[in-house]
Structures are given as structure tokens and as C-alpha cells.
file start.cif (mmCIF, C-alpha atoms and all ligand atoms)
data_my_file
#
loop_
_atom_site.label_atom_id
_atom_site.label_comp_id
_atom_site.auth_asym_id
_atom_site.auth_seq_id
_atom_site.Cartn_x
_atom_site.Cartn_y
_atom_site.Cartn_z
CA MET A 978 -4.19 -12.36 -18.23
CA SER A 979 -0.52 -12.08 -17.36
CA GLU A 980 0.92 -13.99 -14.40
CA PRO A 981 -0.03 -12.18 -11.16
CA LEU A 982 2.77 -10.28 -9.43
CA LEU A 983 1.34 -11.06 -6.00
CA GLN A 984 -0.67 -14.15 -5.12
CA VAL A 985 -2.22 -14.46 -1.69
CA ARG A 986 -3.88 -17.78 -0.91
CA ASP A 987 -5.99 -18.86 2.07
CA LEU A 988 -4.23 -16.72 4.68
CA VAL A 989 -5.17 -17.63 8.23
CA LYS A 990 -3.87 -15.70 11.24
CA THR A 991 -4.88 -16.04 14.86
CA PHE A 992 -4.05 -13.78 17.77
CA GLY A 993 -4.60 -15.36 21.19
CA GLY A 994 -6.87 -18.03 19.72
CA ARG A 995 -8.98 -15.48 17.80
CA ARG A 996 -8.99 -15.78 14.01
CA VAL A 997 -8.33 -12.32 12.58
CA LEU A 998 -7.66 -13.63 9.08
CA ASP A 999 -9.84 -16.48 7.97
CA GLY A 1000 -8.88 -17.62 4.47
CA VAL A 1001 -7.93 -14.44 2.60
CA SER A 1002 -7.11 -14.94 -1.11
CA PHE A 1003 -6.48 -12.43 -3.89
CA ASP A 1004 -4.04 -11.59 -6.71
CA VAL A 1005 -2.46 -8.34 -7.82
CA ALA A 1006 -1.49 -8.19 -11.50
CA PRO A 1007 1.59 -6.35 -12.78
CA GLY A 1008 0.76 -2.64 -12.99
CA GLU A 1009 -2.57 -3.08 -11.21
CA VAL A 1010 -3.88 -1.09 -8.25
CA LEU A 1011 -5.97 -3.27 -5.94
CA GLY A 1012 -7.89 -1.53 -3.17
CA LEU A 1013 -8.35 -3.40 0.11
CA VAL A 1014 -11.22 -1.87 2.04
CA GLY A 1015 -13.22 -2.73 5.13
CA GLU A 1016 -13.98 -1.32 8.52
CA SER A 1017 -11.53 -1.03 11.39
CA GLY A 1018 -10.49 -4.44 12.68
CA SER A 1019 -11.48 -6.37 9.54
CA GLY A 1020 -7.87 -7.50 9.02
CA LYS A 1021 -6.47 -5.17 6.33
CA SER A 1022 -3.24 -4.23 8.12
CA THR A 1023 -2.68 -7.79 9.31
CA THR A 1024 -2.93 -8.95 5.69
CA ALA A 1025 -0.29 -6.36 4.69
CA ARG A 1026 1.93 -7.36 7.59
CA CYS A 1027 1.72 -11.04 6.60
CA ILE A 1028 2.62 -10.22 2.98
CA THR A 1029 5.74 -8.33 4.07
CA ARG A 1030 6.45 -10.92 6.79
CA LEU A 1031 6.19 -8.44 9.60
CA ALA A 1032 3.67 -10.99 10.90
CA ARG A 1033 3.62 -14.75 10.36
CA PRO A 1034 0.33 -16.26 9.21
CA ASP A 1035 -0.65 -19.61 10.74
CA SER A 1036 -1.23 -20.99 7.25
CA GLY A 1037 -1.63 -19.95 3.65
CA GLN A 1038 0.65 -19.08 0.78
CA ILE A 1039 2.09 -15.82 -0.52
CA LEU A 1040 3.93 -15.66 -3.85
CA LEU A 1041 5.66 -12.55 -5.16
CA GLY A 1042 6.75 -12.89 -8.77
CA GLY A 1043 6.31 -16.64 -8.26
CA ARG A 1044 8.69 -16.70 -5.25
CA ASP A 1045 7.42 -18.13 -1.98
CA VAL A 1046 7.50 -15.32 0.59
CA LEU A 1047 6.69 -17.46 3.63
CA ALA A 1048 9.36 -20.06 2.83
CA ALA A 1049 12.09 -17.52 2.06
CA GLY A 1050 15.31 -17.63 4.07
CA ARG A 1051 17.09 -14.47 5.24
CA ARG A 1052 18.86 -13.67 2.01
CA GLU A 1053 15.86 -14.31 -0.21
CA LEU A 1054 13.59 -12.39 2.13
CA ARG A 1055 15.83 -9.37 1.81
CA ALA A 1056 15.53 -9.53 -2.02
CA LEU A 1057 11.76 -10.01 -1.75
CA ARG A 1058 11.47 -7.03 0.58
CA ALA A 1059 13.27 -4.84 -1.95
CA ASP A 1060 10.61 -5.88 -4.43
CA MET A 1061 7.71 -4.90 -2.15
CA GLN A 1062 7.94 -1.72 -0.16
CA MET A 1063 5.46 -0.33 2.33
CA VAL A 1064 4.15 3.18 2.81
CA PHE A 1065 2.49 3.70 6.18
CA GLN A 1066 -0.35 5.86 7.40
CA ASP A 1067 1.53 8.22 9.63
CA PRO A 1068 4.37 10.12 7.96
CA TYR A 1069 5.07 11.79 11.33
CA SER A 1070 6.18 8.60 13.04
CA SER A 1071 7.51 6.59 10.09
CA LEU A 1072 10.46 8.91 9.32
CA ASN A 1073 13.37 9.03 11.77
CA PRO A 1074 13.44 12.68 12.94
CA ARG A 1075 17.21 12.68 13.39
CA MET A 1076 17.96 11.84 9.76
CA THR A 1077 18.12 14.26 6.85
CA VAL A 1078 16.01 13.72 3.76
CA ALA A 1079 19.11 12.56 1.85
CA GLU A 1080 19.84 9.97 4.56
CA LEU A 1081 16.22 8.84 4.81
CA ILE A 1082 15.87 8.24 1.08
CA GLY A 1083 19.39 6.81 0.73
CA GLU A 1084 19.12 4.41 3.68
CA PRO A 1085 17.29 1.60 1.82
CA LEU A 1086 19.99 1.70 -0.88
CA LEU A 1087 22.61 1.21 1.84
CA VAL A 1088 20.66 -1.45 3.74
CA HIS A 1089 20.06 -3.47 0.58
CA GLY A 1090 23.70 -3.08 -0.48
CA LEU A 1091 22.70 -1.35 -3.72
CA GLU A 1092 24.74 1.84 -3.39
CA PRO A 1093 27.65 1.94 -0.94
CA ASP A 1094 28.93 5.31 -2.19
CA ARG A 1095 27.53 8.21 -0.16
CA ARG A 1096 27.73 10.77 -2.93
CA ARG A 1097 25.96 8.53 -5.40
CA ARG A 1098 23.29 7.77 -2.80
CA ARG A 1099 22.77 11.48 -2.36
CA ALA A 1100 22.49 12.00 -6.13
CA ARG A 1101 19.94 9.18 -6.32
CA ALA A 1102 18.03 10.70 -3.39
CA ALA A 1103 17.89 14.00 -5.30
CA GLU A 1104 16.44 12.23 -8.35
CA LEU A 1105 13.89 10.42 -6.22
CA LEU A 1106 12.83 13.65 -4.54
CA GLU A 1107 12.14 15.08 -7.97
CA THR A 1108 10.25 11.93 -8.95
CA VAL A 1109 7.82 12.65 -6.10
CA GLY A 1110 7.48 16.30 -7.04
CA MET A 1111 9.91 17.89 -4.56
CA SER A 1112 13.05 19.91 -5.10
CA ALA A 1113 16.53 18.56 -4.42
CA GLU A 1114 17.09 21.69 -2.32
CA HIS A 1115 15.36 19.86 0.53
CA LEU A 1116 18.01 17.12 0.83
CA ASP A 1117 19.66 18.47 3.99
CA ARG A 1118 16.48 19.24 5.90
CA HIS A 1119 14.94 17.08 8.63
CA PRO A 1120 11.40 15.66 8.55
CA ARG A 1121 10.11 18.08 11.22
CA SER A 1122 10.34 21.00 8.79
CA PHE A 1123 7.88 19.46 6.32
CA SER A 1124 4.11 19.29 6.15
CA GLY A 1125 2.29 15.94 6.37
CA GLY A 1126 1.86 15.77 2.59
CA GLN A 1127 5.55 16.49 1.97
CA ARG A 1128 6.52 13.87 4.55
CA GLN A 1129 4.36 11.34 2.77
CA ARG A 1130 6.10 12.24 -0.50
CA ILE A 1131 9.44 11.64 1.21
CA SER A 1132 8.16 8.27 2.50
CA ILE A 1133 7.14 7.35 -1.05
CA ALA A 1134 10.56 8.42 -2.42
CA ARG A 1135 12.20 6.24 0.23
CA ALA A 1136 9.99 3.30 -0.74
CA LEU A 1137 10.86 3.78 -4.42
CA ALA A 1138 14.62 3.90 -3.80
CA VAL A 1139 15.07 0.14 -4.19
CA GLU A 1140 12.87 0.04 -7.31
CA PRO A 1141 10.14 -2.23 -5.98
CA ARG A 1142 7.53 -3.76 -8.27
CA LEU A 1143 4.87 -3.62 -5.58
CA LEU A 1144 3.99 -0.79 -3.19
CA ILE A 1145 1.84 -1.70 -0.22
CA CYS A 1146 0.22 1.50 1.01
CA ASP A 1147 -1.55 1.16 4.38
CA GLU A 1148 -3.94 4.11 4.72
CA PRO A 1149 -1.36 6.44 3.14
CA VAL A 1150 -3.59 9.51 3.02
CA SER A 1151 -5.84 9.00 6.07
CA SER A 1152 -3.86 11.35 8.28
CA LEU A 1153 -3.72 14.14 5.67
CA ASP A 1154 -6.05 17.08 4.97
CA VAL A 1155 -8.48 16.42 2.14
CA SER A 1156 -6.77 18.84 -0.30
CA VAL A 1157 -3.41 17.22 0.40
CA GLN A 1158 -4.93 13.73 0.06
CA ALA A 1159 -5.77 14.50 -3.57
CA GLN A 1160 -2.19 15.56 -4.29
CA VAL A 1161 -0.72 12.37 -2.83
CA LEU A 1162 -3.30 10.23 -4.66
CA ASN A 1163 -2.40 12.00 -7.91
CA LEU A 1164 1.24 11.26 -7.24
CA LEU A 1165 0.52 7.55 -6.70
CA ARG A 1166 -1.55 7.43 -9.88
CA ASP A 1167 1.20 9.14 -11.80
CA LEU A 1168 3.89 6.80 -10.42
CA ARG A 1169 1.85 3.79 -11.34
CA GLU A 1170 1.61 5.09 -14.92
CA ARG A 1171 5.24 6.13 -15.20
CA LEU A 1172 6.89 3.21 -13.41
CA GLY A 1173 4.35 0.46 -14.08
CA LEU A 1174 4.10 -0.15 -10.33
CA SER A 1175 1.57 -2.48 -8.79
CA ILE A 1176 -0.08 -1.08 -5.68
CA LEU A 1177 -1.99 -2.77 -2.88
CA PHE A 1178 -3.87 0.21 -1.52
CA ILE A 1179 -5.41 -0.23 1.93
CA ALA A 1180 -8.05 2.28 2.97
CA HIS A 1181 -11.32 2.58 4.82
CA ASP A 1182 -12.42 5.56 2.71
CA LEU A 1183 -14.25 4.26 -0.36
CA ALA A 1184 -14.11 7.60 -2.15
CA VAL A 1185 -10.33 7.49 -2.05
CA VAL A 1186 -10.27 3.92 -3.32
CA TYR A 1187 -12.62 4.78 -6.18
CA TYR A 1188 -10.19 7.41 -7.37
CA LEU A 1189 -7.16 5.15 -7.60
CA CYS A 1190 -8.01 1.47 -7.90
CA ASP A 1191 -8.69 -0.87 -10.81
CA ARG A 1192 -10.19 -3.56 -8.59
CA VAL A 1193 -11.44 -3.57 -5.03
CA ALA A 1194 -11.43 -6.34 -2.41
CA VAL A 1195 -13.84 -5.83 0.48
CA MET A 1196 -12.77 -7.34 3.81
CA LEU A 1197 -15.26 -8.42 6.43
CA ASP A 1198 -14.34 -10.13 9.71
CA GLY A 1199 -11.05 -11.49 8.44
CA GLY A 1200 -12.35 -12.74 5.10
CA LEU A 1201 -13.22 -11.22 1.75
CA ALA A 1202 -16.89 -10.32 1.34
CA GLU A 1203 -16.27 -9.77 -2.36
CA ILE A 1204 -13.72 -8.74 -4.93
CA GLY A 1205 -14.39 -7.12 -8.28
CA THR A 1206 -13.57 -4.35 -10.69
CA ARG A 1207 -14.10 -0.81 -9.55
CA GLU A 1208 -17.21 -0.57 -11.71
CA GLN A 1209 -18.66 -3.82 -10.32
CA ILE A 1210 -18.09 -2.82 -6.71
CA TYR A 1211 -19.29 0.78 -6.96
CA GLY A 1212 -21.96 0.25 -9.57
CA ASP A 1213 -23.36 -3.15 -8.73
CA ALA A 1214 -22.04 -4.53 -5.42
CA ALA A 1215 -23.19 -8.08 -4.80
CA HIS A 1216 -22.67 -8.24 -1.03
CA PRO A 1217 -24.98 -6.41 1.40
CA TYR A 1218 -21.97 -5.44 3.52
CA THR A 1219 -20.36 -3.67 0.54
CA ARG A 1220 -23.64 -1.85 -0.11
CA SER A 1221 -23.78 -0.74 3.52
CA LEU A 1222 -20.22 0.60 3.27
CA LEU A 1223 -21.13 2.46 0.11
CA ASP A 1224 -24.23 3.92 1.79
CA ALA A 1225 -22.15 5.14 4.71
CA VAL A 1226 -19.69 7.36 2.82
CA PRO A 1227 -19.93 9.94 0.06
CA VAL A 1228 -18.64 8.09 -2.99
CA PRO A 1229 -19.27 8.93 -6.64
CA ASP A 1230 -22.79 8.11 -7.78
CA PRO A 1231 -22.85 4.38 -8.67
CA ALA A 1232 -24.95 5.18 -11.75
CA LEU A 1233 -22.17 7.48 -12.85
CA ALA A 1234 -19.64 4.74 -12.26
CA ARG A 1235 -21.69 2.43 -14.49
CA GLN A 1236 -22.05 4.92 -17.31
CA ARG A 1237 -18.60 6.45 -17.24
CA PRO A 1238 -16.24 3.87 -15.80
CA SER A 1239 -13.15 5.97 -16.41
CA GLY A 1240 -14.78 9.34 -15.95
CA LEU A 1241 -13.14 10.86 -12.92
N1 LIG B 1301 -0.42 -7.90 17.41
C1 LIG B 1301 -1.70 -8.14 17.64
N2 LIG B 1301 -2.10 -8.80 18.75
C2 LIG B 1301 -3.40 -9.07 19.00
N3 LIG B 1301 -4.41 -8.72 18.18
C3 LIG B 1301 -4.08 -8.06 17.06
C4 LIG B 1301 -2.73 -7.72 16.73
N4 LIG B 1301 -2.72 -7.08 15.53
C5 LIG B 1301 -4.01 -6.99 15.14
N5 LIG B 1301 -4.82 -7.57 16.05
C6 LIG B 1301 -6.29 -7.68 15.95
O1 LIG B 1301 -6.59 -8.20 14.68
C7 LIG B 1301 -7.78 -7.61 14.18
C8 LIG B 1301 -7.49 -7.07 12.80
O2 LIG B 1301 -6.65 -5.92 12.94
P1 LIG B 1301 -6.11 -5.11 11.70
O3 LIG B 1301 -5.24 -4.02 12.23
O4 LIG B 1301 -5.52 -6.04 10.70
O5 LIG B 1301 -7.43 -4.49 11.09
P2 LIG B 1301 -7.62 -3.32 10.06
O6 LIG B 1301 -8.71 -3.73 9.16
O7 LIG B 1301 -6.31 -2.96 9.45
O8 LIG B 1301 -8.12 -2.14 11.00
P3 LIG B 1301 -7.67 -0.62 11.06
O9 LIG B 1301 -8.31 0.02 9.86
O10 LIG B 1301 -8.23 -0.15 12.36
O11 LIG B 1301 -6.17 -0.59 11.01
C9 LIG B 1301 -8.21 -6.57 15.17
O12 LIG B 1301 -9.24 -7.10 15.97
C10 LIG B 1301 -6.98 -6.32 16.00
O13 LIG B 1301 -7.28 -5.95 17.30
#

call {"tool": "encode", "arguments": {"input": "start.cif", "output": "C-alpha cells"}}
result
Amino acid sequence: MSEPLLQVRDLVKTFGGRRVLDGVSFDVAPGEVLGLVGESGSGKSTTARCITRLARPDSGQILLGGRDVLAAGRRELRALRADMQMVFQDPYSSLNPRMTVAELIGEPLLVHGLEPDRRRRRARAAELLETVGMSAEHLDRHPRSFSGGQRQRISIARALAVEPRLLICDEPVSSLDVSVQAQVLNLLRDLRERLGLSILFIAHDLAVVYYLCDRVAVMLDGGLAEIGTREQIYGDAAHPYTRSLLDAVPVPDPALARQRPSGL
């Protein structure tokens, strides 16, 4: 197996003396989509926040492309952050309403010092809009004039602007209607194929994770109950907690998953 893009080792995080992460370890390979599932409060978002250094773990190690995220100084952290971009759950609050689409998508290029020229940023924003299936005609509009699904596409275009190797998507479709969810999931699948992106995909909905992920890590009370391929988890889960999660939501028939691992 190739060297993992992301290595997370023994993450521990406490809030007010309470351990919310208790030794979380996993890898994400180049081009792989890893699903991180578990019920509310199990520690999924805190894990993502530690990886991007929005939160500081008490201990543990995080390597991105072999570079130590937790030890990185300001300059290195900026480069690391360009390599791992986040897409959040709520596209209504994550896009500044006062900015146009061109400004929103171009901003990371400016912040990371990649494209100081406004016209070239705009041209790049137009390309990125098309990459996410939207027309460049929308460049001068503001987020309020778009639907939730379109806003999430804009958020994804913004995340892609700095050409990251890893996207960390924290419940990216949970706030969207089911029909729109499928469109955004298709887009992520397509981007992964086209750009060779790795994705850490956080979700509580196991049907959504089934659709997109190669492997699945199941979080329970700040630790990992189990981690395995999609077929292992959906067809033959080892942990009773995983089985209870699978019982609780409508996911594809596990027998089907066993027989037709790629048959979506
Ligand atoms: N800044 C904080 N201060 C105190 N406690 C926090 C903080 N952030 C998270 N927690 C607690 O840590 C635990 C894990 O939260 P986290 O958001 O990581 O879970 P999650 O699995 O992502 O849940 P959800 O699906 O609801 O987002 C929860 O009990 C939460 O209340």
C-alpha cells in the first residue's frame, strides 16, 4: 500500500476534564474516501477540528503527507492548510453573505498568496464554478440567491481553489433535501475520480456513507469501535454498536453489499 496521505495517531482531547477523544487512530490513503460515522457527540467534528488545528489535542500525532501538523509553525501550518480544506455542514452560514461568488471562491487564492491578480482570480473562480457543475454566469451573485445545494457547490469550489490533496467534509449534505444530497454526493464522487482527491467524509447517515466511501471508521464515545472496508462494515460488522447503527437506518441490504461490493 502507498504511504498514507493522512495519519492520525492516538488523539486525545479533553474538554473541562472530560475526554471527548480517547485514542483515535486511522489513516487515509491517497485518493481514498474514508467515512467517519457515529452518533452525535461521539467526537467526529472534534477529530476534524484537531486535524485542521482548529482545536488542539492534548496528545497524539497527525501527519499530512509525512509533515507533522501539530508541530507546524505559522508558515508551515498555512501550507498544510492549503493541502487540507474543509467543507462544512451548513452552506447558509459558511459563506459570507456580503461577498460575491467570484470573491468567495477567489479569497483562498488571495489569502494563500497564490494569485494576487484580481482578474486572474476571477478567471480561476469561473473555472472552479464549472468544475462543480455551475455556470460562470453566477460569478457576480451573492450566496443568498442560491439554493442550499448550489451553496454547497460554491463551498466545494472554494475549498478546491488552493488545490488541496485532502478534503475534510463535516456532514456536507445533512442540511440538504434528499434529492439534492444525491447530486452533491455525485459531485464529490466525480471530483475524487477526476482530481484524485482524498476525502475524510464525516456523517451520521450510514446510507450516505455507503454511497461514497471506500472504508468506514465507526466512532463510539471518543474512540473507534471499528474500522474496515465498506463491504466489511456493511456486510459483516464485527462490533455490536456498528450493527445497532446499521439496524437503525435504511442502508443497502448487507447481503447485497457482500454479493455486489461495487453495485450501487
Ligand atoms: N468547545 C467545546 N467545549 C466543550 N465541549 C465540547 C466542545 N466541542 C465539543 N465538545 C463536546 O465533545 C463531544 C464530542 O463533540 P463532537 O462535536 O466532536 O461530536 P460529533 O460526533 O461531531 O457530534 P455531532 O454529530 O453532533 O456534531 C460532545 O460531547 C461535545 O459536547

call {"tool": "closest_residue", "arguments": {"input": "start.cif", "among": "A:Arg1044, A:His1181, A:Arg1096, A:Arg1220", "to": "ligand LIG 1301 (chain B)", "atoms": "all atoms listed in the file"}}
result
A:His1181

call {"tool": "residues_near_ligand", "arguments": {"input": "start.cif", "ligand": "ligand LIG 1301 (chain B)", "cutoff": "7 Å", "atoms": "all atoms listed in the file", "output": "list in words"}}
result
Phe992, Gly993, Val997, Gly1015, Glu1016, Ser1017, Gly1018, Ser1019, Gly1020, Lys1021, Ser1022, Thr1023, Thr1024 and His1181 of chain A

call {"tool": "write_last_selection", "arguments": {"input": "start.cif", "atoms": "C-alpha atoms", "output": "short mmCIF file (atom, residue, chain, number, x, y, z; two decimals), keeping the file's coordinate frame"}}
result
data_model
loop_
_atom_site.label_atom_id
_atom_site.label_comp_id
_atom_site.auth_asym_id
_atom_site.auth_seq_id
_atom_site.Cartn_x
_atom_site.Cartn_y
_atom_site.Cartn_z
CA PHE A 992 -4.05 -13.78 17.77
CA GLY A 993 -4.60 -15.36 21.19
CA VAL A 997 -8.33 -12.32 12.58
CA GLY A 1015 -13.22 -2.73 5.13
CA GLU A 1016 -13.98 -1.32 8.52
CA SER A 1017 -11.53 -1.03 11.39
CA GLY A 1018 -10.49 -4.44 12.68
CA SER A 1019 -11.48 -6.37 9.54
CA GLY A 1020 -7.87 -7.50 9.02
CA LYS A 1021 -6.47 -5.17 6.33
CA SER A 1022 -3.24 -4.23 8.12
CA THR A 1023 -2.68 -7.79 9.31
CA THR A 1024 -2.93 -8.95 5.69
CA HIS A 1181 -11.32 2.58 4.82
#

call {"tool": "closest_residue", "arguments": {"input": "start.cif", "among": "A:Ser1071, A:Ser1156, A:Gln984, A:Asn1163", "to": "Val1109 in chain A", "atoms": "all atoms listed in the file"}}
result
A:Asn1163

call {"tool": "closest_residue", "arguments": {"input": "start.cif", "among": "A:Asp1191, A:Glu1080, A:Asp1004, A:Glu1140", "to": "Asp1117 in chain A", "atoms": "all atoms listed in the file"}}
result
A:Glu1080

call {"tool": "closest_residue", "arguments": {"input": "start.cif", "among": "A:Asp1198, A:Asp1147, A:Asp1045, A:Glu1170", "to": "Gly1012 in chain A", "atoms": "all atoms listed in the file"}}
result
A:Asp1147

call {"tool": "residues_around", "arguments": {"input": "start.cif", "residues": "Asp1035 in chain A", "least_positions_apart": "2", "cutoff": "10 Å", "atoms": "all atoms listed in the file", "output": "list in words"}}
result
Leu988, Val989, Lys990, Thr991, Phe992, Arg996, Leu998, Cys1027, Ala1032, Arg1033 and Gly1037 of chain A

call {"tool": "atom_distance", "arguments": {"input": "start.cif", "atom1": "CA of Ala1103 in chain A", "atom2": "CA of Leu1086 in chain A"}}
result
13.2 Å

call {"tool": "closest_residue", "arguments": {"input": "start.cif", "among": "A:Leu1081, A:Ala1006, A:Leu1091, A:Val1139", "to": "His1115 in chain A", "atoms": "all atoms listed in the file"}}
result
A:Leu1081

call {"tool": "residues_around", "arguments": {"input": "start.cif", "residues": "Leu1223 in chain A", "least_positions_apart": "3", "cutoff": "12 Å", "atoms": "only C-alpha atoms", "output": "list in words"}}
result
Val1014, Gly1015, Glu1016, His1181, Asp1182, Leu1183, Ala1184, Val1186, Tyr1187, Val1195, Ile1210, Tyr1211, Gly1212, Asp1213, Ala1214, Ala1215, His1216, Pro1217, Tyr1218, Thr1219, Arg1220, Val1226, Pro1227, Val1228, Pro1229, Asp1230 and Pro1231 of chain A

call {"tool": "atom_distance", "arguments": {"input": "start.cif", "atom1": "CA of Gly1205 in chain A", "atom2": "CA of Val1010 in chain A"}}
result
12.1 Å

call {"tool": "closest_residue", "arguments": {"input": "start.cif", "among": "A:Ser1122, A:Ser1221, A:Thr1108, A:Ser979", "to": "Leu1165 in chain A", "atoms": "all atoms listed in the file"}}
result
A:Thr1108

call {"tool": "atom_distance", "arguments": {"input": "start.cif", "atom1": "CA of Gly1199 in chain A", "atom2": "CA of Leu983 in chain A"}}
result
19.0 Å

call {"tool": "axis_aligned_box", "arguments": {"input": "start.cif", "around": "range 1071-1074 of chain A", "padding_each_side": "8 Å", "output": "JSON"}}
result
{"center_x": 10.5, "center_y": 9.6, "center_z": 11.1, "size_x": 21.9, "size_y": 22.1, "size_z": 19.6}

call {"tool": "residues_around", "arguments": {"input": "start.cif", "residues": "Met1063 in chain A", "least_positions_apart": "5", "cutoff": "10 Å", "atoms": "only C-alpha atoms", "output": "MDAnalysis selection string"}}
result
chainID A and resid 1025:1026 1029 1058 1132:1133 1135:1137 1141 1143:1147 1149 1176:1177
